[in-house]
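Asker: Here it is, the structure, as structure tokens.
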Amino acid sequence: MKKQPQEWTLRTEKMVYGGPALARADRFVVFVDDALPNETVRARIYKKKKQFAFGRAVEILEAAPERVPSDCPWTGDCGGCTYRHCTYPAQLRFKQEVLAEALHGVPGAAACLHAVVPAAATQDYRNKMVFTFGTTPTGELRLGLHRRGSFMHIIPADTCWLQSAASREIVRRVQALAKQLNAPAFHEIKKTPGLRTLTVREARGTGQRMVELVTTTIYPGLAEALLAQLDDLADTIFLSTDTNIYGSARPEQRTILKGTGIIEETLNGLRFRIGPDTFFQSNSAQAAALFRRLTELATQHGRPRVALDLFSGTGPIALHLAAHAERVIAVENWAPSVEVLRENLALNNVQNVDAVAADINQSHPPGIPSRVDLVVVDPPRPGLSPRAIEWVTSRQPESVIYVSCNPATLARDLKLFLQAPYQIETIEPFDLFPHTYHIETLVLLRRTSTSE
């Protein structure tokens, strides 16, 4: 007989990173999904450890004043939004508090922490969405987003307010087309062939749109029908195959059904080529604001002669710095990004940026000057390695700007910079992802006189 899940009545205290609210049963900690601080909830426990547990609020017995009705029918089920059931000012406050707690042990951080810069738009802000094909329990094909905590269950995405109306229409048309052609969804457990993912990318500055459909098998008539269905909605269309049935879908062969294979975005007067594998910040408007502020901080103490842009990707930071520094060296380890970076430099006729292919967390790239004025780091979620921090500080830059998407690794790395020694001048969080727990943070560090 299946054991019935436990249900506890709890009083929540505060939000924690990842989106749940923290509550206590005596001294036993419970992380409660779908709850807000200062609520009394009935929580169903779905995972229990020795010293803590995870639960989900199944009934709100006493609601917090920040709680509002969600405008999404899949709130609590979808793995995307975590804050859609509370007001936007409260979301910003929760993110601020979570960041402040993560930085609590960093000397000087509390005095330098600014309020979160809010997003101008909290709906229709994502310029990239990836949807997955699946089937309902009754066997009906579905195209949408993953249910929270599940790689198998898919919920509909045609009502997702993070994407544009055109993107929602693309999802509807592709799902209808798949059903019309009787094309099955790839089954993650049985590994039976079928349709895998649909990616929609939008350049908000130009209005251009890219669509890529990935499948394990090309079904008769699929290419022609896909082009006919999406011709009025997409500037570039790919039909791609991935025969590797294990892991995430990674196209092995791409066929361009329409367009050049790239779209072009504009940001603060700069132009950027975006291909199907190109990383670009998912919120164009907030990325523009963040990069504007970054260039202000980069020049706050004068014009840098030599600036390093580490983990440069396709070059948005390097291109913004180019107008404010005599020379910029952009370091990126992924070859496709380095190639697009060089294309973006040519596209913008930028002559003072050098592109270097290297992984700063693993090795020391050759040809870097022994002294630089400014270093900007924008690492992935795991942050910087101690070796990378040591190498950065050995260049003795007067200023270091750290762009972080992970408060925990940011706090860890800042402590090492402070030992170098550097000091924090400002910490400025930006909300690039409304309705989610994610936060992007800009930190400006200055070298102290004792490091001369």
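Convention: chains lettered A, B, ... in structure tokens order; per-chain residue numbering from 1; ligands numbered from 1 as shown.
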Leaving out stretch 178-188 of chain A and any residue of its chain fewer than 6 positions from it, which residues lie within 10 Å of it when counting only C-alpha atoms, given as a PyMOL selection string?
Answerer: chain A and resi 132-135+139-143+151-152+194-197+215-222+225-226+245-248
Asker: Identify, on the basis of only C-alpha atoms, every residue whose closest approach to A:Ile155 does not exceed 9 Å; exclude the query and any residue fewer than 4 positions from it along the same chain; express the result as a JSON list (two decimals) with N, CA and C atoms, in the first residue's frame.
Answerer:
[["chain", "number", "residue", "atom", "x", "y", "z"],
["A", 74, "TRP", "N", -1.21, 27.71, -14.66],
["A", 74, "TRP", "CA", -0.24, 26.67, -14.32],
["A", 74, "TRP", "C", 0.69, 27.07, -13.18],
["A", 77, "ASP", "N", 2.55, 24.57, -10.84],
["A", 77, "ASP", "CA", 2.87, 23.35, -11.59],
["A", 77, "ASP", "C", 4.05, 23.56, -12.53],
["A", 78, "CYS", "N", 4.13, 24.74, -13.14],
["A", 78, "CYS", "CA", 5.18, 25.01, -14.11],
["A", 78, "CYS", "C", 6.52, 25.22, -13.39],
["A", 134, "GLY", "N", 5.72, 16.31, -25.62],
["A", 134, "GLY", "CA", 5.41, 15.20, -24.74],
["A", 134, "GLY", "C", 4.01, 14.70, -25.02],
["A", 136, "THR", "N", 0.12, 13.58, -23.07],
["A", 136, "THR", "CA", -0.71, 13.59, -21.88],
["A", 136, "THR", "C", -0.92, 12.15, -21.41],
["A", 142, "ARG", "N", 1.49, 16.88, -26.81],
["A", 142, "ARG", "CA", 1.48, 18.20, -26.19],
["A", 142, "ARG", "C", 2.83, 18.86, -26.42],
["A", 143, "LEU", "N", 2.80, 20.17, -26.60],
["A", 143, "LEU", "CA", 4.02, 20.97, -26.76],
["A", 143, "LEU", "C", 3.97, 22.08, -25.72],
["A", 144, "GLY", "N", 4.97, 22.11, -24.84],
["A", 144, "GLY", "CA", 4.92, 23.12, -23.79],
["A", 144, "GLY", "C", 6.16, 23.13, -22.92],
["A", 145, "LEU", "N", 5.96, 23.36, -21.62],
["A", 145, "LEU", "CA", 7.05, 23.52, -20.67],
["A", 145, "LEU", "C", 7.01, 22.38, -19.64],
["A", 146, "HIS", "N", 8.15, 22.11, -19.04],
["A", 146, "HIS", "CA", 8.24, 21.01, -18.09],
["A", 146, "HIS", "C", 7.49, 21.34, -16.80],
["A", 147, "ARG", "N", 6.78, 20.33, -16.33],
["A", 147, "ARG", "CA", 6.18, 20.45, -15.01],
["A", 147, "ARG", "C", 7.30, 20.51, -13.97]]
Asker: Please give the complete set of residues from stretch 234-398 of chain A that DSSP, run on the backbone, assigns to alpha helix (DSSP H), formatted as a PyMOL selection string.
Answerer: chain A and resi 284-298+316-322+335-347+386-394
Asker: Between atom CA of A:Phe272 and atom CA of A:Val328, what is the distance, to one decimal in Å?
Answerer: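 So the two atoms, atom CA of A:Phe272 and atom CA of A:Val328, lie 17.5 Å apart.
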Asker: Output as number ranges by chain all residues of stretch 23-176 of chain A that backbone DSSP marks as strand (DSSP E or B).
Answerer: A: 23-25, 28-33, 40-48, 52-62, 67, 78, 86, 113, 117, 128-135, 141-147, 154-156
Asker: Take the residues from that selection and write them out as a short mmCIF file (atom, residue, chain, number, x, y, z; two decimals), in the first residue's frame, keeping N, CA and C atoms.
Answerer:
data_model
loop_
_atom_site.label_atom_id
_atom_site.label_comp_id
_atom_site.auth_asym_id
_atom_site.auth_seq_id
_atom_site.Cartn_x
_atom_site.Cartn_y
_atom_site.Cartn_z
N ALA A 23 10.07 27.62 6.79
CA ALA A 23 9.21 27.48 7.97
C ALA A 23 9.89 26.51 8.93
N ARG A 24 9.41 26.48 10.15
CA ARG A 24 9.98 25.57 11.15
C ARG A 24 8.86 24.83 11.87
N ALA A 25 9.09 23.53 12.06
CA ALA A 25 8.25 22.73 12.93
C ALA A 25 9.09 22.45 14.16
N PHE A 28 12.80 21.99 13.41
CA PHE A 28 12.97 21.27 12.14
C PHE A 28 12.58 22.21 10.99
N VAL A 29 13.49 22.40 10.04
CA VAL A 29 13.28 23.35 8.94
C VAL A 29 12.54 22.69 7.79
N VAL A 30 11.56 23.40 7.27
CA VAL A 30 10.81 22.94 6.10
C VAL A 30 10.83 24.05 5.05
N PHE A 31 11.21 23.70 3.83
CA PHE A 31 11.19 24.63 2.71
C PHE A 31 9.88 24.40 1.95
N VAL A 32 9.05 25.44 1.91
CA VAL A 32 7.68 25.27 1.41
C VAL A 32 7.51 25.99 0.07
N ASP A 33 7.26 25.23 -0.98
CA ASP A 33 6.96 25.80 -2.29
C ASP A 33 5.59 26.48 -2.27
N THR A 40 0.35 31.28 7.15
CA THR A 40 0.07 29.99 7.77
C THR A 40 -0.47 29.08 6.67
N VAL A 41 0.20 27.96 6.47
CA VAL A 41 -0.15 27.10 5.34
C VAL A 41 -0.26 25.65 5.81
N ARG A 42 -1.01 24.91 5.04
CA ARG A 42 -0.99 23.45 5.17
C ARG A 42 -0.07 22.93 4.07
N ALA A 43 1.04 22.32 4.49
CA ALA A 43 2.08 21.91 3.54
C ALA A 43 2.14 20.39 3.44
N ARG A 44 2.16 19.90 2.22
CA ARG A 44 2.31 18.46 1.97
C ARG A 44 3.80 18.17 1.77
N ILE A 45 4.37 17.32 2.59
CA ILE A 45 5.79 17.01 2.55
C ILE A 45 6.06 16.01 1.42
N TYR A 46 6.99 16.38 0.51
CA TYR A 46 7.31 15.46 -0.59
C TYR A 46 8.74 14.92 -0.52
N LYS A 47 9.56 15.48 0.37
CA LYS A 47 10.91 14.94 0.56
C LYS A 47 11.36 15.30 1.97
N LYS A 48 11.86 14.29 2.68
CA LYS A 48 12.24 14.52 4.07
C LYS A 48 13.65 14.00 4.31
N PHE A 52 15.96 18.49 7.67
CA PHE A 52 15.06 19.42 6.98
C PHE A 52 14.19 18.63 6.01
N ALA A 53 13.17 19.32 5.50
CA ALA A 53 12.24 18.68 4.56
C ALA A 53 11.79 19.69 3.51
N PHE A 54 11.21 19.16 2.45
CA PHE A 54 10.64 19.99 1.39
C PHE A 54 9.14 19.70 1.30
N GLY A 55 8.36 20.77 1.21
CA GLY A 55 6.92 20.59 1.11
C GLY A 55 6.32 21.56 0.12
N ARG A 56 5.04 21.40 -0.11
CA ARG A 56 4.31 22.28 -1.03
C ARG A 56 3.04 22.75 -0.33
N ALA A 57 2.79 24.04 -0.40
CA ALA A 57 1.59 24.58 0.21
C ALA A 57 0.36 24.13 -0.58
N VAL A 58 -0.50 23.36 0.05
CA VAL A 58 -1.71 22.88 -0.62
C VAL A 58 -2.94 23.66 -0.16
N GLU A 59 -2.78 24.43 0.93
CA GLU A 59 -3.87 25.29 1.38
C GLU A 59 -3.26 26.48 2.13
N ILE A 60 -3.73 27.67 1.78
CA ILE A 60 -3.28 28.88 2.46
C ILE A 60 -4.29 29.20 3.54
N LEU A 61 -3.92 29.00 4.79
CA LEU A 61 -4.83 29.22 5.91
C LEU A 61 -4.87 30.68 6.32
N GLU A 62 -3.73 31.34 6.22
CA GLU A 62 -3.66 32.78 6.49
C GLU A 62 -2.70 33.38 5.48
N ARG A 67 0.22 38.49 -1.26
CA ARG A 67 -0.32 37.44 -2.13
C ARG A 67 -1.42 38.00 -3.03
N CYS A 78 4.13 24.74 -13.14
CA CYS A 78 5.18 25.01 -14.11
C CYS A 78 6.52 25.22 -13.39
N CYS A 86 2.51 36.66 -6.17
CA CYS A 86 2.70 37.80 -5.27
C CYS A 86 2.96 39.06 -6.08
N LEU A 113 25.08 47.58 -0.71
CA LEU A 113 24.00 46.95 -1.46
C LEU A 113 22.91 47.95 -1.78
N VAL A 117 17.13 46.97 -9.26
CA VAL A 117 16.62 47.76 -10.38
C VAL A 117 15.46 46.98 -11.02
N LYS A 128 13.89 34.45 -25.66
CA LYS A 128 14.14 33.05 -26.04
C LYS A 128 13.31 32.13 -25.16
N MET A 129 12.64 31.17 -25.79
CA MET A 129 11.88 30.15 -25.07
C MET A 129 12.13 28.80 -25.74
N VAL A 130 12.34 27.78 -24.93
CA VAL A 130 12.53 26.42 -25.44
C VAL A 130 11.37 25.57 -24.93
N PHE A 131 10.66 24.95 -25.86
CA PHE A 131 9.49 24.13 -25.53
C PHE A 131 9.80 22.67 -25.85
N THR A 132 9.14 21.77 -25.12
CA THR A 132 9.39 20.34 -25.26
C THR A 132 8.11 19.62 -25.66
N PHE A 133 8.25 18.62 -26.53
CA PHE A 133 7.13 17.78 -26.91
C PHE A 133 6.96 16.65 -25.89
N GLY A 134 5.72 16.31 -25.62
CA GLY A 134 5.41 15.20 -24.74
C GLY A 134 4.01 14.70 -25.02
N THR A 135 3.53 13.84 -24.16
CA THR A 135 2.16 13.32 -24.33
C THR A 135 1.43 13.40 -22.99
N LEU A 141 -0.69 14.30 -27.97
CA LEU A 141 0.56 15.04 -28.10
C LEU A 141 0.42 16.43 -27.50
N ARG A 142 1.49 16.88 -26.81
CA ARG A 142 1.48 18.20 -26.19
C ARG A 142 2.83 18.86 -26.42
N LEU A 143 2.80 20.17 -26.60
CA LEU A 143 4.02 20.97 -26.76
C LEU A 143 3.97 22.08 -25.72
N GLY A 144 4.97 22.11 -24.84
CA GLY A 144 4.92 23.12 -23.79
C GLY A 144 6.16 23.13 -22.92
N LEU A 145 5.96 23.36 -21.62
CA LEU A 145 7.05 23.52 -20.67
C LEU A 145 7.01 22.38 -19.64
N HIS A 146 8.15 22.11 -19.04
CA HIS A 146 8.24 21.01 -18.09
C HIS A 146 7.49 21.34 -16.80
N ARG A 147 6.78 20.33 -16.33
CA ARG A 147 6.18 20.45 -15.01
C ARG A 147 7.30 20.51 -13.97
N ILE A 154 4.67 17.42 -19.39
CA ILE A 154 4.68 18.70 -20.10
C ILE A 154 3.34 19.39 -19.90
N ILE A 155 3.41 20.69 -19.58
CA ILE A 155 2.18 21.47 -19.43
C ILE A 155 2.08 22.46 -20.59
N PRO A 156 0.88 22.88 -20.97
CA PRO A 156 0.71 23.76 -22.13
C PRO A 156 1.45 25.09 -21.94
#
Asker: So which residues touch A:Phe433 within 10 Å, counting only C-alpha atoms, skipping near sequence neighbours fewer than 3 positions away, as a PyMOL selection string?
Answerer: chain A and resi 81+118-119+121-123+125-126+162+282-283+286+430+436-440
Asker: Taking C-alpha atoms for each residue, export the selection above as a tab-separated table (two decimals), in the first residue's frame.
Answerer:
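Wrote it out as selection_18.tsv, contents follow:
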chain	number	residue	atom	x	y	z
A	81	CYS	CA	7.73	31.12	-12.52
A	118	PRO	CA	13.08	46.75	-11.47
A	119	ALA	CA	12.19	45.57	-14.94
A	121	ALA	CA	8.07	45.07	-18.31
A	122	THR	CA	7.11	42.06	-16.21
A	123	GLN	CA	5.26	40.29	-19.05
A	125	TYR	CA	10.08	40.02	-21.72
A	126	ARG	CA	11.81	36.78	-22.70
A	162	LEU	CA	6.73	35.52	-20.28
A	282	SER	CA	17.05	36.53	-22.28
A	283	ASN	CA	15.70	39.96	-21.34
A	286	GLN	CA	17.04	44.85	-18.87
A	430	PHE	CA	19.02	43.95	-11.56
A	436	THR	CA	11.22	33.97	-11.01
A	437	TYR	CA	13.72	33.80	-8.15
A	438	HIS	CA	16.69	34.68	-10.40
A	439	ILE	CA	18.68	37.86	-9.85
A	440	GLU	CA	21.59	39.42	-11.77
Asker: Skipping near chain neighbours, those fewer than 2 positions away, what residues fall within 12 Å of stretch 338-340 of chain A using only C-alpha atoms, listed as a PyMOL selection string?
Answerer: chain A and resi 262+264+271-280+310-316+318+330-336+342-347+354-359
Asker: Produce a file of the selected residues containing N, CA and C atoms, as an mmCIF file, in the first residue's frame.
Answerer:
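Saved the output as out_39.cif:
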data_model
loop_
_atom_site.group_PDB
_atom_site.id
_atom_site.type_symbol
_atom_site.label_atom_id
_atom_site.label_comp_id
_atom_site.auth_asym_id
_atom_site.auth_seq_id
_atom_site.Cartn_x
_atom_site.Cartn_y
_atom_site.Cartn_z
ATOM 1 N N ILE A 262 20.519 33.368 -39.183
ATOM 2 C CA ILE A 262 20.794 34.267 -38.049
ATOM 3 C C ILE A 262 19.735 35.364 -38.011
ATOM 4 N N GLU A 264 19.307 39.463 -36.143
ATOM 5 C CA GLU A 264 20.152 40.543 -35.640
ATOM 6 C C GLU A 264 19.415 41.334 -34.574
ATOM 7 N N ARG A 271 24.986 46.360 -32.683
ATOM 8 C CA ARG A 271 24.309 45.290 -33.411
ATOM 9 C C ARG A 271 24.946 43.947 -33.058
ATOM 10 N N PHE A 272 24.096 42.927 -32.917
ATOM 11 C CA PHE A 272 24.579 41.609 -32.521
ATOM 12 C C PHE A 272 23.926 40.537 -33.391
ATOM 13 N N ARG A 273 24.764 39.644 -33.926
ATOM 14 C CA ARG A 273 24.263 38.494 -34.680
ATOM 15 C C ARG A 273 23.916 37.381 -33.692
ATOM 16 N N ILE A 274 22.750 36.803 -33.859
ATOM 17 C CA ILE A 274 22.300 35.715 -32.993
ATOM 18 C C ILE A 274 21.992 34.499 -33.863
ATOM 19 N N GLY A 275 22.712 33.404 -33.602
ATOM 20 C CA GLY A 275 22.468 32.153 -34.292
ATOM 21 C C GLY A 275 21.736 31.180 -33.391
ATOM 22 N N PRO A 276 21.479 29.966 -33.861
ATOM 23 C CA PRO A 276 20.714 29.003 -33.053
ATOM 24 C C PRO A 276 21.438 28.560 -31.788
ATOM 25 N N ASP A 277 22.787 28.664 -31.751
ATOM 26 C CA ASP A 277 23.550 28.252 -30.576
ATOM 27 C C ASP A 277 24.115 29.427 -29.786
ATOM 28 N N THR A 278 23.798 30.642 -30.194
ATOM 29 C CA THR A 278 24.384 31.822 -29.571
ATOM 30 C C THR A 278 23.705 32.131 -28.247
ATOM 31 N N PHE A 279 24.522 32.332 -27.187
ATOM 32 C CA PHE A 279 23.955 32.792 -25.924
ATOM 33 C C PHE A 279 23.762 34.299 -25.982
ATOM 34 N N PHE A 280 22.606 34.747 -25.506
ATOM 35 C CA PHE A 280 22.330 36.175 -25.388
ATOM 36 C C PHE A 280 21.393 36.341 -24.202
ATOM 37 N N LEU A 310 36.271 38.865 -19.361
ATOM 38 C CA LEU A 310 36.414 37.419 -19.197
ATOM 39 C C LEU A 310 35.057 36.745 -19.218
ATOM 40 N N PHE A 311 34.993 35.590 -19.880
ATOM 41 C CA PHE A 311 33.738 34.889 -20.170
ATOM 42 C C PHE A 311 32.883 35.808 -21.043
ATOM 43 N N SER A 312 33.465 36.257 -22.118
ATOM 44 C CA SER A 312 32.879 37.333 -22.925
ATOM 45 C C SER A 312 31.715 36.884 -23.791
ATOM 46 N N GLY A 313 31.551 35.577 -24.000
ATOM 47 C CA GLY A 313 30.478 35.119 -24.877
ATOM 48 C C GLY A 313 30.626 35.694 -26.268
ATOM 49 N N THR A 314 29.548 36.228 -26.800
ATOM 50 C CA THR A 314 29.584 36.803 -28.151
ATOM 51 C C THR A 314 29.917 38.292 -28.147
ATOM 52 N N GLY A 315 30.295 38.807 -26.967
ATOM 53 C CA GLY A 315 30.873 40.141 -26.921
ATOM 54 C C GLY A 315 30.020 41.317 -26.518
ATOM 55 N N PRO A 316 28.862 41.149 -25.881
ATOM 56 C CA PRO A 316 28.089 42.351 -25.538
ATOM 57 C C PRO A 316 28.828 43.291 -24.596
ATOM 58 N N ALA A 318 32.225 43.416 -24.114
ATOM 59 C CA ALA A 318 33.410 43.935 -24.813
ATOM 60 C C ALA A 318 33.045 45.055 -25.770
ATOM 61 N N ALA A 330 38.913 40.374 -25.081
ATOM 62 C CA ALA A 330 37.762 39.539 -24.751
ATOM 63 C C ALA A 330 38.194 38.074 -24.753
ATOM 64 N N VAL A 331 37.972 37.385 -23.636
ATOM 65 C CA VAL A 331 38.402 35.994 -23.480
ATOM 66 C C VAL A 331 37.170 35.106 -23.331
ATOM 67 N N GLU A 332 37.057 34.112 -24.196
ATOM 68 C CA GLU A 332 35.911 33.191 -24.206
ATOM 69 C C GLU A 332 36.408 31.807 -24.605
ATOM 70 N N ASN A 333 35.885 30.771 -23.942
ATOM 71 C CA ASN A 333 36.408 29.430 -24.218
ATOM 72 C C ASN A 333 35.630 28.666 -25.281
ATOM 73 N N TRP A 334 34.354 29.029 -25.542
ATOM 74 C CA TRP A 334 33.557 28.230 -26.477
ATOM 75 C C TRP A 334 33.760 28.757 -27.886
ATOM 76 N N ALA A 335 34.273 27.897 -28.756
ATOM 77 C CA ALA A 335 34.666 28.309 -30.105
ATOM 78 C C ALA A 335 33.542 28.975 -30.896
ATOM 79 N N PRO A 336 32.304 28.428 -30.905
ATOM 80 C CA PRO A 336 31.242 29.109 -31.664
ATOM 81 C C PRO A 336 30.988 30.535 -31.186
ATOM 82 N N ARG A 342 33.771 37.670 -33.103
ATOM 83 C CA ARG A 342 34.541 38.326 -34.168
ATOM 84 C C ARG A 342 33.617 38.889 -35.243
ATOM 85 N N GLU A 343 32.523 38.178 -35.529
ATOM 86 C CA GLU A 343 31.553 38.697 -36.493
ATOM 87 C C GLU A 343 30.899 39.974 -35.966
ATOM 88 N N ASN A 344 30.596 40.001 -34.675
ATOM 89 C CA ASN A 344 29.970 41.185 -34.081
ATOM 90 C C ASN A 344 30.924 42.379 -34.076
ATOM 91 N N LEU A 345 32.206 42.123 -33.882
ATOM 92 C CA LEU A 345 33.191 43.210 -33.940
ATOM 93 C C LEU A 345 33.214 43.814 -35.343
ATOM 94 N N ALA A 346 33.208 42.953 -36.356
ATOM 95 C CA ALA A 346 33.212 43.449 -37.734
ATOM 96 C C ALA A 346 31.907 44.161 -38.060
ATOM 97 N N LEU A 347 30.792 43.617 -37.563
ATOM 98 C CA LEU A 347 29.479 44.199 -37.831
ATOM 99 C C LEU A 347 29.390 45.631 -37.307
ATOM 100 N N ASP A 354 40.361 42.682 -29.035
ATOM 101 C CA ASP A 354 41.010 41.436 -29.446
ATOM 102 C C ASP A 354 40.255 40.267 -28.839
ATOM 103 N N ALA A 355 39.971 39.237 -29.637
ATOM 104 C CA ALA A 355 39.266 38.050 -29.169
ATOM 105 C C ALA A 355 40.270 36.931 -28.911
ATOM 106 N N VAL A 356 40.202 36.340 -27.710
ATOM 107 C CA VAL A 356 41.108 35.267 -27.313
ATOM 108 C C VAL A 356 40.272 34.065 -26.891
ATOM 109 N N ALA A 357 40.610 32.886 -27.421
ATOM 110 C CA ALA A 357 39.911 31.650 -27.066
ATOM 111 C C ALA A 357 40.637 30.972 -25.919
ATOM 112 N N ALA A 358 40.020 30.955 -24.727
ATOM 113 C CA ALA A 358 40.625 30.318 -23.552
ATOM 114 C C ALA A 358 39.583 30.195 -22.457
ATOM 115 N N ASP A 359 39.778 29.217 -21.554
ATOM 116 C CA ASP A 359 38.923 29.053 -20.381
ATOM 117 C C ASP A 359 39.697 29.555 -19.175
#
Asker: What separation in Å, quoted to one decimal, exists between atom CA of A:Glu428 and atom CA of A:Phe291?
Answerer: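 So the two atoms, atom CA of A:Glu428 and atom CA of A:Phe291, lie 12.1 Å apart.
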